[in-house]
file structure-v9.pdb (PDB, C-alpha atoms)
ATOM      1  CA  MET A  11     108.388  99.050  86.028
ATOM      2  CA  SER A  12     106.846  95.718  87.027
ATOM      3  CA  ASP A  13     106.919  94.521  90.614
ATOM      4  CA  LEU A  14     109.679  92.051  91.481
ATOM      5  CA  TRP A  15     107.375  90.620  94.141
ATOM      6  CA  MET A  16     103.762  89.915  93.246
ATOM      7  CA  PRO A  17     101.411  92.364  94.993
ATOM      8  CA  GLY A  18      99.226  90.559  97.487
ATOM      9  CA  ALA A  19     101.438  87.467  97.664
ATOM     10  CA  GLU A  20     103.357  86.494 100.770
ATOM     11  CA  ARG A  21     107.036  87.298 100.303
ATOM     12  CA  LEU A  22     109.281  84.509 101.612
ATOM     13  CA  SER A  23     112.689  85.119 100.067
ATOM     14  CA  ILE A  24     114.984  82.090 100.254
ATOM     15  CA  GLY A  25     118.013  83.832  98.753
ATOM     16  CA  ASN A  26     120.164  81.938  96.249
ATOM     17  CA  THR A  27     119.159  84.306  93.436
ATOM     18  CA  ALA A  28     120.783  84.266  90.009
ATOM     19  CA  PRO A  29     120.119  86.156  86.766
ATOM     20  CA  THR A  30     118.326  84.795  83.741
ATOM     21  CA  ASP A  31     119.937  84.600  80.297
ATOM     22  CA  GLY A  32     117.589  86.927  78.402
ATOM     23  CA  GLY A  33     115.320  86.147  75.479
ATOM     24  CA  PRO A  34     111.542  85.672  75.168
ATOM     25  CA  ALA A  35     109.745  86.000  78.502
ATOM     26  CA  LYS A  36     108.267  82.718  79.720
ATOM     27  CA  ALA A  37     106.098  81.240  82.457
ATOM     28  CA  VAL A  38     106.058  77.564  83.380
ATOM     29  CA  ALA A  39     102.982  75.855  84.844
ATOM     30  CA  HIS A  40     103.407  73.041  87.377
ATOM     31  CA  ILE A  41     101.281  71.124  89.850
ATOM     32  CA  THR A  42     102.823  69.792  93.051
ATOM     33  CA  TRP A  43     101.425  66.268  92.434
ATOM     34  CA  ASP A  44     102.595  65.232  95.897
ATOM     35  CA  ARG A  45     100.212  62.281  96.271
ATOM     36  CA  SER A  46      99.110  59.505  93.923
ATOM     37  CA  ALA A  47      95.337  59.297  94.067
ATOM     38  CA  THR A  48      92.720  57.720  91.833
ATOM     39  CA  LYS A  49      89.026  58.143  91.190
ATOM     40  CA  VAL A  50      88.379  55.081  93.326
ATOM     41  CA  LYS A  51      90.847  56.141  96.020
ATOM     42  CA  PRO A  52      90.967  59.955  96.270
ATOM     43  CA  GLN A  53      93.257  61.526  98.871
ATOM     44  CA  ASP A  54      93.092  64.694 100.936
ATOM     45  CA  LEU A  55      94.948  67.701  99.559
ATOM     46  CA  VAL A  56      98.251  68.357 101.298
ATOM     47  CA  PRO A  57      98.045  71.504 103.488
ATOM     48  CA  PHE A  58      99.424  74.659 101.893
ATOM     49  CA  ALA A  59     101.603  75.209 104.973
ATOM     50  CA  ASN A  60     103.408  71.922 104.314
ATOM     51  CA  LEU A  61     104.487  72.949 100.819
ATOM     52  CA  ARG A  62     105.290  76.486 101.944
ATOM     53  CA  SER A  63     107.604  75.043 104.588
ATOM     54  CA  TYR A  64     109.078  72.530 102.133
ATOM     55  CA  PHE A  65     110.070  75.167  99.569
ATOM     56  CA  GLY A  66     110.816  77.843 102.152
ATOM     57  CA  SER A  67     112.976  76.031 104.704
ATOM     58  CA  ASN A  68     113.595  72.379 103.805
ATOM     59  CA  PRO A  69     117.001  72.016 102.078
ATOM     60  CA  SER A  70     115.610  69.537  99.549
ATOM     61  CA  GLY A  71     112.648  71.780  98.800
ATOM     62  CA  ARG A  72     114.739  74.936  98.514
ATOM     63  CA  ALA A  73     116.816  73.170  95.862
ATOM     64  CA  VAL A  74     113.756  72.824  93.609
ATOM     65  CA  ALA A  75     111.782  75.913  94.651
ATOM     66  CA  PRO A  76     109.578  77.856  92.208
ATOM     67  CA  HIS A  77     108.888  81.557  92.077
ATOM     68  CA  LEU A  78     105.323  81.067  93.302
ATOM     69  CA  LEU A  79     103.351  78.478  95.238
ATOM     70  CA  TRP A  80      99.646  78.934  94.473
ATOM     71  CA  ASP A  81      96.651  77.396  96.247
ATOM     72  CA  PRO A  82      93.744  77.465  93.756
ATOM     73  CA  PHE A  83      91.233  76.620  96.494
ATOM     74  CA  THR A  84      91.961  79.606  98.762
ATOM     75  CA  GLY A  85      93.909  81.997  96.530
ATOM     76  CA  LYS A  86      96.944  81.938  98.845
ATOM     77  CA  ILE A  87     100.227  82.650  97.062
ATOM     78  CA  THR A  88     103.755  82.599  98.485
ATOM     79  CA  GLN A  89     106.713  83.880  96.454
ATOM     80  CA  PHE A  90     110.245  82.556  97.051
ATOM     81  CA  PHE A  91     112.323  84.306  94.339
ATOM     82  CA  PRO A  92     112.025  87.794  92.804
ATOM     83  CA  ALA A  93     110.838  87.849  89.202
ATOM     84  CA  ASN A  94     114.255  88.768  87.782
ATOM     85  CA  SER A  95     115.937  85.697  89.293
ATOM     86  CA  ARG A  96     115.847  82.189  87.965
ATOM     87  CA  SER A  97     114.083  79.662  90.160
ATOM     88  CA  LEU A  98     114.922  75.960  90.424
ATOM     89  CA  CYS A  99     111.912  73.821  89.432
ATOM     90  CA  LEU A 100     113.209  72.482  86.134
ATOM     91  CA  LYS A 101     115.768  69.842  85.306
ATOM     92  CA  ASP A 102     118.713  71.424  83.510
ATOM     93  CA  GLY A 103     121.089  68.969  81.891
ATOM     94  CA  PRO A 104     124.590  69.786  80.645
ATOM     95  CA  GLY A 105     124.633  71.622  77.328
ATOM     96  CA  GLY A 106     121.493  72.695  75.470
ATOM     97  CA  THR A 107     119.103  75.267  76.890
ATOM     98  CA  ARG A 108     119.510  76.481  80.479
ATOM     99  CA  THR A 109     115.897  75.715  81.287
ATOM    100  CA  ASN A 110     115.500  77.755  84.456
ATOM    101  CA  ARG A 111     117.138  80.810  82.846
ATOM    102  CA  ALA A 112     115.971  80.686  79.211
ATOM    103  CA  GLY A 113     114.269  84.083  78.951
ATOM    104  CA  SER A 114     114.217  87.632  80.221
ATOM    105  CA  VAL A 115     112.119  86.013  82.947
ATOM    106  CA  VAL A 116     111.176  82.350  83.436
ATOM    107  CA  LEU A 117     108.411  82.625  86.022
ATOM    108  CA  GLN A 118     107.547  79.259  87.521
ATOM    109  CA  VAL A 119     104.246  78.558  89.252
ATOM    110  CA  GLU A 120     103.779  75.466  91.436
ATOM    111  CA  THR A 121     100.071  74.876  91.984
ATOM    112  CA  LEU A 122      98.949  72.988  95.070
ATOM    113  CA  PHE A 123      97.070  70.199  93.315
ATOM    114  CA  PHE A 124      97.111  66.561  92.265
ATOM    115  CA  PRO A 125      94.523  64.592  90.280
ATOM    116  CA  TRP A 126      91.694  63.192  92.397
ATOM    117  CA  CYS A 127      92.540  65.319  95.412
ATOM    118  CA  ARG A 128      89.838  65.785  98.036
ATOM    119  CA  VAL A 129      88.974  69.152  99.596
ATOM    120  CA  GLY A 130      86.024  69.680 101.924
ATOM    121  CA  GLY A 131      84.655  66.272 101.053
ATOM    122  CA  LYS A 132      84.635  66.982  97.300
ATOM    123  CA  THR A 133      86.979  65.307  94.818
ATOM    124  CA  TYR A 134      88.696  67.212  91.995
ATOM    125  CA  GLU A 135      89.995  65.416  88.921
ATOM    126  CA  LYS A 136      91.503  68.415  87.089
ATOM    127  CA  LEU A 137      92.967  71.754  88.138
ATOM    128  CA  THR A 138      90.293  73.459  86.064
ATOM    129  CA  ASP A 139      87.629  71.844  88.282
ATOM    130  CA  THR A 140      88.874  73.902  91.261
ATOM    131  CA  PRO A 141      87.761  77.492  92.023
ATOM    132  CA  CYS A 142      91.142  78.747  90.674
ATOM    133  CA  LYS A 143      91.039  81.576  93.223
ATOM    134  CA  GLY A 144      93.822  84.111  92.727
ATOM    135  CA  TRP A 145      94.399  83.153  89.090
ATOM    136  CA  ASP A 146      93.340  86.548  87.689
ATOM    137  CA  GLU A 147      95.848  88.391  89.861
ATOM    138  CA  LEU A 148      98.590  85.837  89.229
ATOM    139  CA  HIS A 149      98.093  86.000  85.468
ATOM    140  CA  ALA A 150      98.088  89.805  85.471
ATOM    141  CA  TRP A 151     101.385  89.917  87.367
ATOM    142  CA  VAL A 152     103.033  87.384  85.038
ATOM    143  CA  ALA A 153     101.795  89.316  81.993
ATOM    144  CA  SER A 154     103.249  92.534  83.436
ATOM    145  CA  TRP A 155     106.681  90.957  82.896
ATOM    146  CA  GLY A 156     106.069  90.598  79.157
ATOM    147  CA  VAL A 157     104.972  86.965  79.144
ATOM    148  CA  ALA A 158     102.575  86.473  76.236
ATOM    149  CA  SER A 159      99.115  85.161  77.142
ATOM    150  CA  SER A 160      99.438  82.170  74.848
ATOM    151  CA  TRP A 161     100.626  78.550  74.791
ATOM    152  CA  PRO A 162     103.252  78.245  72.016
ATOM    153  CA  MET A 163     103.126  74.428  72.198
ATOM    154  CA  GLY A 164      99.385  74.263  72.802
ATOM    155  CA  LYS A 165      97.399  74.513  76.013
ATOM    156  CA  PRO A 166      97.829  71.384  78.163
ATOM    157  CA  SER A 167      94.796  69.104  77.936
ATOM    158  CA  GLY A 168      96.090  65.881  79.471
ATOM    159  CA  TYR A 169      99.051  64.314  81.202
ATOM    160  CA  ALA A 170     101.385  63.793  78.256
ATOM    161  CA  GLY A 171     104.678  65.355  77.201
ATOM    162  CA  LYS A 172     105.090  67.439  74.059
ATOM    163  CA  ARG A 173     108.459  69.143  73.687
ATOM    164  CA  ASP A 174     110.035  71.277  70.955
ATOM    165  CA  GLU A 175     113.299  72.979  71.893
ATOM    166  CA  ARG A 176     113.145  75.389  68.931
ATOM    167  CA  ILE A 177     109.745  76.752  69.984
ATOM    168  CA  TRP A 178     110.895  76.926  73.605
ATOM    169  CA  ARG A 179     113.909  78.959  72.500
ATOM    170  CA  ILE A 180     112.176  81.518  70.255
ATOM    171  CA  ARG A 181     108.648  82.026  71.659
ATOM    172  CA  SER A 182     107.251  83.959  74.608
ATOM    173  CA  GLY A 183     104.305  82.554  76.515
ATOM    174  CA  TRP A 184     103.180  79.869  78.946
ATOM    175  CA  PHE A 185     104.625  76.371  78.859
ATOM    176  CA  GLY A 186     103.600  73.305  80.820
ATOM    177  CA  HIS A 187     106.270  71.388  82.688
ATOM    178  CA  SER A 188     105.327  68.715  80.156
ATOM    179  CA  GLN A 189     106.618  70.982  77.363
ATOM    180  CA  VAL A 190     110.035  72.016  78.685
ATOM    181  CA  PRO A 191     113.127  70.509  77.001
ATOM    182  CA  GLU A 192     115.338  68.199  79.080
ATOM    183  CA  ASN A 193     112.416  67.459  81.434
ATOM    184  CA  ASP A 194     110.246  64.343  81.678
ATOM    185  CA  HIS A 195     107.307  65.432  83.861
ATOM    186  CA  THR A 196     103.798  65.437  82.385
ATOM    187  CA  ASP A 197     102.152  68.099  84.550
ATOM    188  CA  PRO A 198     100.146  70.302  84.843
ATOM    189  CA  GLY A 199      97.641  68.357  82.730
ATOM    190  CA  PHE A 200      95.141  71.232  82.603
ATOM    191  CA  TRP A 201      95.275  74.982  83.257
ATOM    192  CA  PRO A 202      92.723  77.819  83.582
ATOM    193  CA  GLY A 203      92.037  80.160  80.692
ATOM    194  CA  PHE A 204      93.591  83.586  80.383
ATOM    195  CA  THR A 205      91.664  86.503  81.806
ATOM    196  CA  VAL A 206      91.009  89.896  80.235
ATOM    197  CA  LEU A 207      93.752  91.979  81.800
ATOM    198  CA  THR A 208      92.069  95.323  81.226
ATOM    199  CA  VAL A 209      89.297  94.482  83.684
ATOM    200  CA  LYS A 210      91.421  95.038  86.783
ATOM    201  CA  PRO A 211      93.749  98.039  87.191
ATOM    202  CA  ALA A 212      97.368  97.596  88.196
ATOM    203  CA  LEU A 213      97.942  98.064  91.904
ATOM    204  CA  GLU A 214     100.195 100.619  93.539
ATOM    205  CA  PRO A 215     103.146  98.782  95.131
ATOM    206  CA  TYR A 216     103.844  99.480  98.791
ATOM    207  CA  PRO A 217     106.068 102.603  98.759
ATOM    208  CA  GLY A 218     107.686 101.923 102.126
ATOM    209  CA  ALA A 219     106.953 103.371 105.557
ATOM    210  CA  HIS A 220     109.292 106.318 104.921
ATOM    211  CA  PHE A 221     106.959 107.560 102.160
ATOM    212  CA  PHE A 222     104.253 108.262 104.728
ATOM    213  CA  MET A 223     106.440 109.842 107.389
ATOM    214  CA  ASN A 224     108.416 112.996 108.124
ATOM    215  CA  GLY A 225     110.853 111.719 110.671
ATOM    216  CA  SER A 226     108.800 110.223 113.471
ATOM    217  CA  GLN A 227     105.588 112.067 112.499
ATOM    218  CA  PRO A 228     103.062 111.620 109.667
ATOM    219  CA  ALA A 229     104.147 113.546 106.556
ATOM    220  CA  LEU A 230     101.155 115.913 106.734
ATOM    221  CA  GLY A 231     101.110 118.351 103.838
ATOM    222  CA  LYS A 232     103.003 116.058 101.464
ATOM    223  CA  PHE A 233     101.557 115.880  97.941
ATOM    224  CA  SER A 234     101.187 112.695  95.879
ATOM    225  CA  PRO A 235      98.458 111.238  93.650
ATOM    226  CA  ILE A 236      98.932 108.037  95.656
ATOM    227  CA  PHE A 237      97.154 109.722  98.583
ATOM    228  CA  THR A 238      94.106 110.405  96.422
ATOM    229  CA  ALA A 239      93.942 106.805  95.246
ATOM    230  CA  MET A 240      94.477 105.574  98.801
ATOM    231  CA  GLY A 241      91.723 107.808 100.157
ATOM    232  CA  LYS A 242      89.212 106.650  97.551
ATOM    233  CA  ARG A 243      89.865 103.048  98.492
ATOM    234  CA  LEU A 244      89.451 103.861 102.184
ATOM    235  CA  VAL A 245      86.076 105.414 101.407
ATOM    236  CA  ALA A 246      85.124 102.326  99.384
ATOM    237  CA  GLU A 247      86.049 100.167 102.379
ATOM    238  CA  GLY A 248      83.720 102.184 104.622
ATOM    239  CA  CYS A 249      86.608 103.737 106.523
ATOM    240  CA  GLY A 250      86.616 107.263 105.081
ATOM    241  CA  LEU A 251      86.546 110.013 107.725
ATOM    242  CA  TYR A 252      86.789 112.886 105.258
ATOM    243  CA  LYS A 253      84.843 116.142 105.430
ATOM    244  CA  GLU A 254      86.450 117.075 102.095
ATOM    245  CA  GLY A 255      88.353 114.991  99.623
ATOM    246  CA  PRO A 256      90.173 112.691  99.511
ATOM    247  CA  GLY A 257      92.885 114.547  97.629
ATOM    248  CA  PRO A 258      96.617 114.509  96.831
ATOM    249  CA  LYS A 259      97.664 116.375  99.996
ATOM    250  CA  LEU A 260      98.162 114.113 103.008
ATOM    251  CA  GLY A 261      95.990 115.268 105.883
ATOM    252  CA  GLN A 262      94.915 114.113 109.305
ATOM    253  CA  ALA A 263      91.750 112.639 107.813
ATOM    254  CA  ASP A 264      93.921 110.298 105.721
ATOM    255  CA  VAL A 265      95.774 109.177 108.837
ATOM    256  CA  ASP A 266      92.568 108.674 110.817
ATOM    257  CA  SER A 267      90.878 106.838 107.956
ATOM    258  CA  TYR A 268      93.802 104.480 107.427
ATOM    259  CA  GLU A 269      94.006 103.702 111.131
ATOM    260  CA  LYS A 270      90.278 102.892 111.035
ATOM    261  CA  PHE A 271      90.937 100.536 108.109
ATOM    262  CA  GLN A 272      93.720  98.800 110.036
ATOM    263  CA  ARG A 273      91.389  98.330 112.996
ATOM    264  CA  LYS A 274      88.814  96.869 110.588
ATOM    265  CA  LEU A 275      91.456  94.306 109.584
ATOM    266  CA  GLY A 276      91.857  93.340 113.219
ATOM    267  CA  TYR A 277      95.016  95.244 114.121
ATOM    268  CA  THR A 278      95.209  96.650 117.634
ATOM    269  CA  GLY A 279      97.518  98.912 119.631
ATOM    270  CA  THR A 280     100.567 100.261 117.835
ATOM    271  CA  ALA A 281      99.985  97.822 114.945
ATOM    272  CA  ALA A 282      96.843  99.792 114.053
ATOM    273  CA  LYS A 283      98.628 103.140 114.022
ATOM    274  CA  TRP A 284     100.043 105.131 111.126
ATOM    275  CA  PRO A 285     102.074 104.554 108.923
ATOM    276  CA  PRO A 286     100.571 101.905 106.647
ATOM    277  CA  GLY A 287     102.376  98.570 106.629
ATOM    278  CA  PRO A 288     102.919  96.269 103.643
ATOM    279  CA  ALA A 289     100.266  93.744 104.736
ATOM    280  CA  SER A 290      97.426  96.232 105.178
ATOM    281  CA  TRP A 291      98.485  98.122 102.029
ATOM    282  CA  SER A 292      98.240  94.904 100.043
ATOM    283  CA  LYS A 293      94.724  94.304 101.386
ATOM    284  CA  LEU A 294      93.612  97.864 100.524
ATOM    285  CA  LYS A 295      94.449  97.253  96.832
ATOM    286  CA  VAL A 296      95.248 100.844  95.873
ATOM    287  CA  PRO A 297      95.158 101.252  92.069
ATOM    288  CA  LYS A 298      98.124 102.837  90.333
ATOM    289  CA  SER A 299      97.675 106.599  90.193
TER     290      SER A 299
END
call {"tool": "encode", "arguments": {"input": "structure-v9.pdb", "output": "structure tokens"}}
result
Amino acid sequence: MSDLWMPGAERLSIGNTAPTDGGPAKAVAHITWDRSATKVKPQDLVPFANLRSYFGSNPSGRAVAPHLLWDPFTGKITQFFPANSRSLCLKDGPGGTRTNRAGSVVLQVETLFFPWCRVGGKTYEKLTDTPCKGWDELHAWVASWGVASSWPMGKPSGYAGKRDERIWRIRSGWFGHSQVPENDHTDPGFWPGFTVLTVKPALEPYPGAHFFMNGSQPALGKFSPIFTAMGKRLVAEGCGLYKEGPGPKLGQADVDSYEKFQRKLGYTGTAAKWPPGPASWSKLKVPKS
């Protein structure tokens, strides 16, 4: 089963969830386009924290929030809705298609970008000029929900609208905001290419603190292939304290190694102690066993 919340992304649930209508799985590409800049007059990129706050806590922003806010310069991603809920980025007029719900999923990605934005003294005309950090992971998660790695109306290559309600209704894949019926925006303009999904393994979702515990104590002696995968990653991170293994049986060496990893991340005191937490687990990137 695919993860409702993208592994590695910040989870900032804003509630107000609602089901989708079913049908071909879709993803919709947006850019925030929050400033009007030009080649002659570029402008500084708006801080990620501003948009995170806008969608996460501002009433106006919450009313148009996406599933994901993605910063292609740093790779930061914040998720506001679970994958199986509709989000609210698209205009949805009376009658016709229910744009935000028109699929088994309609995953909407707002990218922190506008044409001729300036970051670190450098100006970026197109999204594809940026580092696109985090795109591989984002694409893999979207694809895990059955969204085809294709552009049924053609990959965006400029700021112009091209809409076909029949294709929108019957095809799975990625659509630009510029391609969604009942909408008039012309973003995203450009978008990175699809990655080869077999290169990176799927990650083991955080199983919850209870998985690692027996009451108030570590669940020593418990068997799971997750412990083997976890231990191998700890070794790869230079935190393995194993004399033998790692293996599927949870032992004190697993506990000690994980606590060393948490200290490596900068945790101190009780925050560095067992059991693993969701933040450190996400950073360990344990492959599915």
call {"tool": "resolve_selection", "arguments": {"input": "structure-v9.pdb", "expression": "the PyMOL selection byres ((chain A and resi 191) around 8)", "output": "ChimeraX atom specification"}}
result
/A:107,109,173-175,178,189-190,192-193
call {"tool": "residues_near_point", "arguments": {"input": "structure-v9.pdb", "point": "(97.1, 95.8, 110.0)", "cutoff": "9 Å", "atoms": "only C-alpha atoms", "output": "JSON, numbers by chain"}}
result
{"A": [269, 271, 272, 273, 274, 275, 276, 277, 278, 281, 282, 283, 286, 287, 288, 289, 290, 291]}
call {"tool": "residues_around", "arguments": {"input": "structure-v9.pdb", "residues": "Arg181 in chain A", "least_positions_apart": "3", "cutoff": "9 Å", "atoms": "all atoms listed in the file", "output": "list in words"}}
result
Gly33, Pro34, Ala35, Lys36, Ala158, Pro162, Arg176, Ile177 and Trp178 of chain A
call {"tool": "resolve_selection", "arguments": {"input": "structure-v9.pdb", "expression": "the PyMOL selection byres ((chain A and resi 15) around 10)", "output": "PyMOL selection string"}}
result
chain A and resi 12-14+16-23+77-78+88-94+151+215
call {"tool": "closest_residue", "arguments": {"input": "structure-v9.pdb", "among": "A:Phe200, A:Trp155, A:Trp80, A:Phe222", "to": "Met240 in chain A", "atoms": "only C-alpha atoms"}}
result
A:Phe222
call {"tool": "resolve_selection", "arguments": {"input": "structure-v9.pdb", "expression": "the PyMOL selection byres ((chain A and resi 50-64) around 7)", "output": "PyMOL selection string"}}
result
chain A and resi 47-49+65-68+71+81+126-129+133
call {"tool": "closest_residue", "arguments": {"input": "structure-v9.pdb", "among": "A:Thr121, A:Thr27, A:Ser226, A:Ser234", "to": "Thr140 in chain A", "atoms": "all atoms listed in the file"}}
result
A:Thr121
call {"tool": "residues_around", "arguments": {"input": "structure-v9.pdb", "residues": "Ala239 in chain A", "least_positions_apart": "5", "cutoff": "12 Å", "atoms": "only C-alpha atoms", "output": "JSON, numbers by chain"}}
result
{"A": [211, 213, 214, 234, 244, 245, 246, 255, 256, 257, 258, 259, 260, 264, 291, 294, 295, 296, 297, 298, 299]}
call {"tool": "atom_distance", "arguments": {"input": "structure-v9.pdb", "atom1": "CA of Ala37 in chain A", "atom2": "CA of Val116 in chain A"}}
result
5.3 Å
